[in-house]
$ cat start-v6.cif   # mmCIF, C-alpha atoms and all ligand atoms
data_model
loop_
_atom_site.label_atom_id
_atom_site.label_comp_id
_atom_site.auth_asym_id
_atom_site.auth_seq_id
_atom_site.Cartn_x
_atom_site.Cartn_y
_atom_site.Cartn_z
CA MET A 1 0.00 0.00 0.00
CA GLU A 2 1.39 3.43 -0.92
CA LYS A 3 2.26 5.71 1.98
CA THR A 4 2.46 9.49 2.01
CA PHE A 5 3.60 12.03 4.55
CA ALA A 6 1.58 15.04 5.69
CA ILE A 7 1.85 17.95 8.11
CA ILE A 8 -1.02 19.85 9.66
CA LYS A 9 0.71 23.23 9.74
CA PRO A 10 0.77 25.75 12.65
CA ASP A 11 -2.07 27.92 11.25
CA ALA A 12 -4.47 24.95 11.27
CA VAL A 13 -3.39 23.58 14.66
CA GLU A 14 -3.73 27.07 16.14
CA ARG A 15 -7.34 27.33 14.86
CA ASN A 16 -8.33 23.91 16.31
CA LEU A 17 -8.67 22.31 12.88
CA ILE A 18 -6.82 19.04 13.62
CA GLY A 19 -10.04 17.06 14.00
CA LYS A 20 -11.67 18.48 10.87
CA ILE A 21 -8.57 17.70 8.78
CA LEU A 22 -8.20 14.16 10.19
CA GLU A 23 -11.89 13.62 9.38
CA ARG A 24 -11.21 14.55 5.72
CA ILE A 25 -8.23 12.18 5.66
CA GLU A 26 -10.06 9.19 7.13
CA GLY A 27 -13.28 10.07 5.29
CA ASN A 28 -11.42 9.83 1.98
CA GLY A 29 -10.29 6.28 2.65
CA PHE A 30 -6.77 6.87 3.95
CA ARG A 31 -5.60 4.81 6.94
CA ILE A 32 -3.46 6.77 9.39
CA VAL A 33 -0.44 4.61 10.30
CA ALA A 34 1.65 7.13 12.31
CA MET A 35 0.94 10.47 13.98
CA LYS A 36 2.53 12.93 16.43
CA ARG A 37 2.09 16.55 17.55
CA VAL A 38 5.41 18.41 17.93
CA LEU A 39 7.01 21.85 17.88
CA LEU A 40 9.63 21.96 15.11
CA THR A 41 12.98 23.65 15.70
CA LEU A 42 14.46 25.86 12.98
CA PRO A 43 17.24 23.39 12.03
CA ILE A 44 14.68 20.60 11.73
CA ALA A 45 12.39 22.74 9.55
CA GLN A 46 15.35 23.80 7.39
CA GLY A 47 16.43 20.18 6.91
CA PHE A 48 12.90 19.16 6.01
CA TYR A 49 12.55 21.93 3.39
CA HIS A 50 16.18 21.68 2.12
CA VAL A 51 14.93 21.38 -1.50
CA HIS A 52 13.63 24.96 -1.19
CA LYS A 53 16.77 26.46 0.41
CA GLU A 54 17.55 28.71 -2.57
CA ARG A 55 13.94 30.00 -2.85
CA PRO A 56 13.13 33.55 -1.72
CA PHE A 57 10.43 32.23 0.64
CA PHE A 58 12.72 29.71 2.44
CA LYS A 59 13.47 31.87 5.50
CA ASP A 60 9.84 32.92 6.06
CA LEU A 61 8.53 29.40 5.44
CA THR A 62 10.93 27.68 7.84
CA GLU A 63 10.37 30.32 10.56
CA TYR A 64 6.59 30.08 10.11
CA MET A 65 6.71 26.28 10.52
CA CYS A 66 8.21 26.82 14.00
CA THR A 67 5.61 29.34 15.22
CA GLY A 68 3.48 26.68 16.90
CA PRO A 69 2.88 22.94 17.14
CA VAL A 70 2.30 20.88 14.01
CA VAL A 71 0.87 17.39 13.51
CA LEU A 72 3.06 14.95 11.57
CA LEU A 73 1.24 12.10 9.83
CA VAL A 74 1.84 9.05 7.70
CA PHE A 75 -1.18 7.54 5.99
CA GLU A 76 -1.78 5.04 3.26
CA LYS A 77 -4.13 3.94 0.49
CA GLU A 78 -3.81 2.99 -3.19
CA GLY A 79 -2.23 5.98 -4.95
CA ALA A 80 -1.97 7.86 -1.64
CA ILE A 81 0.57 10.47 -2.78
CA LYS A 82 -1.48 11.81 -5.68
CA ALA A 83 -4.80 11.37 -3.84
CA TRP A 84 -3.57 13.46 -0.88
CA ARG A 85 -2.24 16.21 -3.20
CA GLU A 86 -5.71 16.35 -4.78
CA LEU A 87 -7.47 16.48 -1.42
CA MET A 88 -5.14 19.30 -0.24
CA GLY A 89 -5.73 21.46 -3.33
CA ALA A 90 -3.44 24.01 -4.97
CA THR A 91 -0.54 25.51 -2.96
CA ASN A 92 -2.20 28.94 -3.07
CA PRO A 93 -5.71 28.65 -1.57
CA ALA A 94 -6.89 31.34 -3.99
CA ASP A 95 -6.28 28.80 -6.80
CA ALA A 96 -7.58 25.74 -4.95
CA ASP A 97 -10.65 23.85 -6.16
CA ALA A 98 -13.91 23.82 -4.18
CA GLY A 99 -14.03 21.09 -1.56
CA THR A 100 -10.24 20.90 -1.05
CA ILE A 101 -8.69 21.40 2.38
CA ARG A 102 -6.74 24.47 1.31
CA LYS A 103 -9.82 26.08 -0.26
CA ASP A 104 -11.84 25.48 2.89
CA PHE A 105 -9.24 26.16 5.60
CA ALA A 106 -6.04 27.83 4.35
CA ILE A 107 -5.29 31.49 5.07
CA ASP A 108 -2.79 32.34 2.31
CA LEU A 109 0.03 30.94 0.17
CA GLU A 110 2.33 30.46 3.16
CA LYS A 111 -0.23 29.62 5.86
CA ASN A 112 -1.83 26.96 3.72
CA SER A 113 -2.77 24.55 6.53
CA VAL A 114 -1.31 21.29 5.20
CA HIS A 115 1.76 19.76 3.58
CA GLY A 116 1.91 16.68 1.39
CA SER A 117 4.74 14.75 -0.24
CA ASP A 118 4.89 15.24 -4.01
CA ALA A 119 6.48 11.94 -5.18
CA ARG A 120 7.61 8.46 -4.05
CA ASP A 121 11.18 9.56 -3.30
CA THR A 122 10.19 12.68 -1.34
CA ALA A 123 7.58 10.67 0.59
CA ALA A 124 10.23 8.13 1.60
CA PHE A 125 12.62 10.90 2.68
CA GLU A 126 9.95 12.84 4.59
CA ILE A 127 8.56 9.78 6.41
CA SER A 128 12.02 8.67 7.53
CA TYR A 129 12.95 12.26 8.49
CA PHE A 130 10.33 12.21 11.25
CA PHE A 131 9.41 8.59 11.99
CA SER A 132 11.35 5.43 12.77
CA GLN A 133 10.12 2.13 11.30
CA THR A 134 8.83 1.01 14.72
CA GLU A 135 6.50 4.04 14.90
CA ILE A 136 4.69 3.13 11.66
CA LEU A 137 1.96 0.58 12.39
CA SER A 138 -0.04 -0.53 9.36
P1 LIG B 1 3.83 21.53 0.51
O1 LIG B 1 5.24 21.19 0.10
O2 LIG B 1 3.75 22.31 1.80
O3 LIG B 1 2.90 20.37 0.48
P2 LIG B 1 3.39 22.48 -2.12
O4 LIG B 1 4.13 21.27 -2.57
O5 LIG B 1 2.02 22.72 -2.67
O6 LIG B 1 3.23 22.51 -0.56
P3 LIG B 1 5.87 23.90 -2.45
O7 LIG B 1 6.17 24.54 -3.74
O8 LIG B 1 6.55 22.61 -2.10
O9 LIG B 1 4.27 23.76 -2.33
O10 LIG B 1 6.15 24.96 -1.31
C1 LIG B 1 6.29 24.54 0.04
C2 LIG B 1 5.56 25.51 0.92
O11 LIG B 1 6.21 26.78 0.85
C3 LIG B 1 4.11 25.83 0.49
O12 LIG B 1 3.20 24.91 1.01
C4 LIG B 1 3.89 27.19 1.08
O13 LIG B 1 3.60 27.10 2.49
C5 LIG B 1 5.26 27.84 0.93
N1 LIG B 1 5.37 28.60 -0.32
C6 LIG B 1 5.46 28.13 -1.57
N2 LIG B 1 5.57 29.13 -2.48
C7 LIG B 1 5.57 30.28 -1.75
C8 LIG B 1 5.67 31.66 -2.07
N3 LIG B 1 5.81 32.07 -3.34
N4 LIG B 1 5.62 32.55 -1.05
C9 LIG B 1 5.51 32.14 0.24
N5 LIG B 1 5.41 30.85 0.61
C10 LIG B 1 5.44 29.94 -0.36
MG MG B 2 6.02 20.69 -1.77
#
$ encode --input "start-v6.cif" --output "structure tokens"
Amino acid sequence: MEKTFAIIKPDAVERNLIGKILERIEGNGFRIVAMKRVLLTLPIAQGFYHVHKERPFFKDLTEYMCTGPVVLLVFEKEGAIKAWRELMGATNPADADAGTIRKDFAIDLEKNSVHGSDARDTAAFEISYFFSQTEILS
């Protein structure tokens, strides 16, 4: 079964949206196989977003991700990576389709409520960045 990695970002945790987002995840047929609520440190956020380190938004993004607790998740279903990207919606909520999480909950391009892996290799990296094998229970 394909696994993907997700984050419920600080803007959503702060607004008490964890339950509503988990409901969308489970309601769309994903099985949650690992989950924890943590406060990221700047070095950990920078390592996680290393692919974006040359982007102009890198500093703001990594600092924002440390402004409050986040929820880290691994969940699975057939085609989970693409299915979760579709359920999240476009990066900028202004461009997101109706019924997507970002359309319904996100504040702006940066505070866009959720993260999702974009491919098999990034999903594998992101899962192992935050979870050990013994924490993932299918
Ligand atoms: P994510 O990786 O969080 O799932 P994504 O793959 O849709 O989102 P990326 O291009 O990987 O988007 O950007 C990572 C994150 O950086 C975005 O989710 C958003 O929070 C932030 N971001 C992206 N582009 C910008 C921008 N132009 N200005 C500010 N923040 C941005
Ligand atoms: Mg991305």
$ atom_distance --input "start-v6.cif" --atom1 "atom CA of A:Arg37" --atom2 "atom CA of A:Val70"
5.6 Å
$ closest_residue --input "start-v6.cif" --among "A:Gln46, A:Ala34, A:Ile25, A:Met65" --to "A:Ser128" --atoms "all atoms listed in the file"
A:Ala34
$ closest_residue --input "start-v6.cif" --among "A:Gly47, A:Gly89, A:Leu137, A:Ile127" --to "A:Arg31" --atoms "all atoms listed in the file"
A:Leu137
$ closest_residue --input "start-v6.cif" --among "A:Ala80, A:Ile44, A:Val51, A:Val71" --to "A:Gly29" --atoms "all atoms listed in the file"
A:Ala80
$ closest_atom_pairs --input "start-v6.cif" --of "stretch 40-67 of chain A" --to "stretch 92-110 of chain A" --cutoff "10 Å" --atoms "all atoms listed in the file" --output "CSV"
residue,atom,partner,partner_atom,distance
A:Phe57,CA,A:Glu110,CA,8.7
A:Asp60,CA,A:Glu110,CA,8.4
A:Leu61,CA,A:Glu110,CA,6.7
A:Tyr64,CA,A:Glu110,CA,8.2
A:Met65,CA,A:Glu110,CA,9.5
$ write_last_selection --input "start-v6.cif" --atoms "C-alpha atoms" --output "compact mmCIF listing (two decimals), in the coordinates of the input"
# COMPACT_ATOMS: atom_id res chain seq x y z
CA PHE A 57 10.43 32.23 0.64
CA ASP A 60 9.84 32.92 6.06
CA LEU A 61 8.53 29.40 5.44
CA TYR A 64 6.59 30.08 10.11
CA MET A 65 6.71 26.28 10.52
$ atom_distance --input "start-v6.cif" --atom1 "atom C10 of ligand LIG 1 (chain B)" --atom2 "atom CA of A:Ile136"
29.4 Å
$ axis_aligned_box --input "start-v6.cif" --around "ligand LIG 1 (chain B)" --padding-each-side "3 Å" --output "lines of an AutoDock Vina configuration file"
center_x = 4.3
center_y = 26.5
center_z = -0.6
size_x = 10.5
size_y = 18.2
size_z = 12.2
$ residues_near_ligand --input "start-v6.cif" --ligand "ligand LIG 1 (chain B)" --cutoff "8 Å" --atoms "only C-alpha atoms and all ligand atoms" --output "ChimeraX atom specification"
/A:6-7,49,52,56-58,60-61,85,89-92,109-118
$ residues_around --input "start-v6.cif" --residues "A:Ala45" --least-positions-apart "6" --cutoff "8 Å" --atoms "only C-alpha atoms" --output "number ranges by chain"
A: 62-63, 65-66
$ atom_distance --input "start-v6.cif" --atom1 "atom CA of A:Leu17" --atom2 "atom CA of A:Lys36"
15.0 Å
$ residues_around --input "start-v6.cif" --residues "A:Asp121" --least-positions-apart "6" --cutoff "12 Å" --atoms "only C-alpha atoms" --output "PyMOL selection string"
chain A and resi 2-5+81+127-128
$ write_last_selection --input "start-v6.cif" --atoms "C-alpha atoms" --output "PDB file, keeping the file's coordinate frame"
ATOM      1  CA  GLU A   2       1.390   3.430  -0.920  1.00  0.00           C
ATOM      2  CA  LYS A   3       2.260   5.710   1.980  1.00  0.00           C
ATOM      3  CA  THR A   4       2.460   9.490   2.010  1.00  0.00           C
ATOM      4  CA  PHE A   5       3.600  12.030   4.550  1.00  0.00           C
ATOM      5  CA  ILE A  81       0.570  10.470  -2.780  1.00  0.00           C
ATOM      6  CA  ILE A 127       8.560   9.780   6.410  1.00  0.00           C
ATOM      7  CA  SER A 128      12.020   8.670   7.530  1.00  0.00           C
TER       8      SER A 128
END
$ closest_residue --input "start-v6.cif" --among "A:Leu87, A:Thr134, A:Gly79, A:Thr122" --to "ligand MG 2 (chain B)" --atoms "all atoms listed in the file"
A:Thr122
$ closest_residue --input "start-v6.cif" --among "A:Met1, A:Leu73, A:Ala123, A:Leu40" --to "A:Leu22" --atoms "all atoms listed in the file"
A:Leu73
$ closest_residue --input "start-v6.cif" --among "A:Glu23, A:Ser138, A:Val13, A:Leu39" --to "A:Phe75" --atoms "all atoms listed in the file"
A:Ser138
